[in-house]
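Have a look at coords.json; it's JSON, C-alpha atoms:
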```json
[["chain", "number", "residue", "atom", "x", "y", "z"],
["I", 16, "MET", "CA", 0.00, 0.00, 0.00],
["I", 17, "SER", "CA", 1.62, 3.17, -1.17],
["I", 18, "PHE", "CA", 0.36, 6.62, -0.37],
["I", 19, "GLU", "CA", 1.40, 9.79, -2.04],
["I", 20, "GLY", "CA", 2.16, 12.76, 0.20],
["I", 21, "GLY", "CA", -1.17, 14.52, -0.39],
["I", 22, "ALA", "CA", -3.31, 11.43, 0.04],
["I", 23, "ALA", "CA", -1.65, 10.48, 3.33],
["I", 24, "ALA", "CA", -2.10, 13.97, 4.73],
["I", 25, "THR", "CA", -5.75, 14.02, 3.68],
["I", 26, "SER", "CA", -6.36, 10.59, 5.21],
["I", 27, "THR", "CA", -4.70, 11.65, 8.45],
["I", 28, "LEU", "CA", -6.71, 14.86, 8.63],
["I", 29, "ILE", "CA", -9.99, 13.03, 8.02],
["I", 30, "THR", "CA", -9.16, 10.49, 10.73],
["I", 31, "PHE", "CA", -8.28, 13.28, 13.16],
["I", 32, "LEU", "CA", -11.47, 15.25, 12.49],
["I", 33, "LEU", "CA", -13.62, 12.12, 12.67],
["I", 34, "GLY", "CA", -12.11, 11.13, 16.03],
["I", 35, "LEU", "CA", -12.46, 14.64, 17.41],
["I", 36, "GLY", "CA", -16.08, 14.82, 16.26],
["I", 37, "ILE", "CA", -16.93, 11.47, 17.87],
["I", 38, "VAL", "CA", -15.43, 12.56, 21.19],
["I", 39, "PHE", "CA", -17.40, 15.82, 21.23],
["I", 40, "VAL", "CA", -20.63, 14.10, 20.24],
["I", 41, "GLY", "CA", -20.10, 11.64, 23.09],
["I", 42, "LEU", "CA", -19.44, 14.43, 25.58],
["I", 43, "ILE", "CA", -22.53, 16.35, 24.48],
["I", 44, "ALA", "CA", -24.59, 13.16, 24.80],
["I", 45, "LEU", "CA", -23.29, 12.64, 28.36],
["I", 46, "ILE", "CA", -24.16, 16.22, 29.31],
["I", 47, "LEU", "CA", -27.69, 15.80, 27.96],
["I", 48, "ILE", "CA", -28.18, 12.47, 29.74],
["I", 49, "ILE", "CA", -27.00, 13.93, 33.06],
["I", 50, "LYS", "CA", -29.28, 16.97, 32.71],
["I", 51, "ILE", "CA", -32.28, 14.75, 31.88],
["I", 52, "MET", "CA", -31.55, 12.47, 34.84],
["I", 53, "GLY", "CA", -31.23, 15.48, 37.14],
["I", 54, "ALA", "CA", -34.61, 16.80, 35.98],
["I", 55, "ILE", "CA", -36.20, 13.39, 36.56],
["I", 56, "MET", "CA", -34.70, 13.14, 40.04],
["I", 57, "ARG", "CA", -35.92, 16.62, 41.00],
["I", 58, "THR", "CA", -39.49, 15.87, 39.91],
["I", 59, "GLY", "CA", -39.41, 12.52, 41.71],
["I", 60, "LYS", "CA", -38.41, 14.21, 44.96],
["I", 61, "SER", "CA", -41.22, 16.74, 44.96],
["I", 62, "LYS", "CA", -43.92, 14.05, 44.60],
["I", 63, "LYS", "CA", -42.89, 12.22, 47.78],
["I", 64, "PRO", "CA", -44.72, 13.21, 50.97],
["I", 65, "ALA", "CA", -42.71, 15.14, 53.51],
["I", 66, "PRO", "CA", -41.19, 12.84, 56.13],
["I", 67, "GLU", "CA", -42.47, 13.14, 59.65],
["I", 68, "ALA", "CA", -40.26, 14.97, 62.08],
["I", 69, "ALA", "CA", -37.94, 12.58, 63.86],
["I", 70, "PRO", "CA", -37.73, 12.78, 67.63],
["I", 71, "ALA", "CA", -34.86, 14.90, 68.87],
["I", 72, "PRO", "CA", -31.81, 12.88, 69.89],
["I", 73, "ALA", "CA", -30.89, 12.78, 73.54],
["I", 74, "ALA", "CA", -28.70, 15.67, 74.60],
["I", 75, "ARG", "CA", -25.04, 14.80, 74.88],
["I", 76, "SER", "CA", -23.19, 15.57, 78.04],
["I", 77, "ALA", "CA", -20.90, 18.58, 77.84],
["I", 78, "GLU", "CA", -17.90, 16.64, 79.12],
["I", 79, "PRO", "CA", -16.47, 13.66, 77.25],
["I", 80, "GLN", "CA", -16.87, 10.28, 78.86],
["I", 81, "GLY", "CA", -13.76, 9.05, 80.62],
["I", 82, "ASP", "CA", -10.72, 10.65, 82.18],
["I", 83, "MET", "CA", -9.32, 13.70, 80.34],
["I", 84, "GLY", "CA", -5.77, 12.43, 80.96],
["I", 85, "GLU", "CA", -6.59, 9.19, 79.15],
["I", 86, "ILE", "CA", -8.04, 11.11, 76.22],
["I", 87, "LYS", "CA", -4.93, 13.31, 75.96],
["I", 88, "ALA", "CA", -2.69, 10.24, 76.14],
["I", 89, "ALA", "CA", -4.61, 8.49, 73.37],
["I", 90, "ALA", "CA", -4.52, 11.61, 71.17],
["I", 91, "ALA", "CA", -0.79, 12.06, 71.78],
["I", 92, "ALA", "CA", -0.13, 8.42, 70.91],
["I", 93, "ALA", "CA", -2.14, 8.70, 67.68],
["I", 94, "ILE", "CA", -0.38, 11.92, 66.64],
["I", 95, "ALA", "CA", 3.05, 10.45, 67.48],
["I", 96, "THR", "CA", 2.29, 7.35, 65.41],
["I", 97, "VAL", "CA", 1.26, 9.42, 62.38],
["I", 98, "LEU", "CA", 4.25, 11.75, 62.67],
["I", 99, "GLY", "CA", 6.69, 8.92, 63.41],
["I", 100, "GLU", "CA", 7.98, 10.58, 66.58],
["I", 101, "SER", "CA", 8.08, 9.54, 70.21],
["I", 102, "VAL", "CA", 5.17, 10.43, 72.48],
["I", 103, "SER", "CA", 7.49, 12.46, 74.73],
["I", 104, "GLY", "CA", 8.00, 14.91, 71.84],
["I", 105, "ILE", "CA", 4.26, 15.66, 71.57],
["I", 106, "ARG", "CA", 2.69, 18.36, 73.75],
["I", 107, "ILE", "CA", -1.07, 18.85, 73.70],
["I", 108, "VAL", "CA", -1.97, 22.35, 74.82],
["I", 109, "SER", "CA", -5.77, 22.26, 74.74],
["I", 110, "PHE", "CA", -8.83, 20.46, 73.40],
["I", 111, "LYS", "CA", -11.77, 22.31, 71.91],
["I", 112, "LYS", "CA", -15.17, 20.86, 71.15],
["I", 113, "VAL", "CA", -16.05, 21.05, 67.45],
["I", 114, "ASP", "CA", -19.68, 20.76, 66.40]]
```

structure tokens encoding of this file:
Amino acid sequence: MSFEGGAAATSTLITFLLGLGIVFVGLIALILIIKIMGAIMRTGKSKKPAPEAAPAPAARSAEPQGDMGEIKAAAAAAIATVLGESVSGIRIVSFKKVD
């Protein structure tokens, strides 16, 4: 199979444009499918009855369960393990509750 210079360039260009076109058509199809599915999911949600209010969970105690010294020791051990240092090199200054 022998190609002349012009025929090979034309064949290469057609292959490139065909591949590029197929990729963009596929991407556009994916966008349309996702938008249609999103619209279907939104309409499906609005038809469902509102769920009844769940009872409020029991209030947590302000203080953590257990000894604060044990909690600090466990946190220091975990941090030392992650950092690869000894526990004596870790100093925990304070704990703050995060909601």

Quick one, how far is atom CA of Ala90 of chain I from atom CA of Lys111 of chain I?
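Answer for the atom CA of Ala90 of chain I to atom CA of Lys111 of chain I separation: 12.9 Å.
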
Report the distance between atom CA of Ile37 of chain I and atom CA of Ile51 of chain I in Å, rounded to one decimal place.
->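 Separating atom CA of Ile37 of chain I from atom CA of Ile51 of chain I is a distance of 21.0 Å.
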
Practice task
Mind checking which residues fall within 10 Å of Ile105 of chain I, counting all atoms listed in the file, ignoring those fewer than 4 positions away in the same chain, and posting them as a PyMOL selection string?
Solution key: chain I and resi 88+90-92+94-95+98+100-101

Mind dumping the selected residues with C-alpha atoms as a JSON list (two decimals), keeping the file's coordinate frame?
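New file part_18.json:
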```json
[["chain", "number", "residue", "atom", "x", "y", "z"],
["I", 88, "ALA", "CA", -2.69, 10.24, 76.14],
["I", 90, "ALA", "CA", -4.52, 11.61, 71.17],
["I", 91, "ALA", "CA", -0.79, 12.06, 71.78],
["I", 92, "ALA", "CA", -0.13, 8.42, 70.91],
["I", 94, "ILE", "CA", -0.38, 11.92, 66.64],
["I", 95, "ALA", "CA", 3.05, 10.45, 67.48],
["I", 98, "LEU", "CA", 4.25, 11.75, 62.67],
["I", 100, "GLU", "CA", 7.98, 10.58, 66.58],
["I", 101, "SER", "CA", 8.08, 9.54, 70.21]]
```

Here atom CA of Gly41 of chain I and atom CA of Met56 of chain I stand apart by 22.4 Å
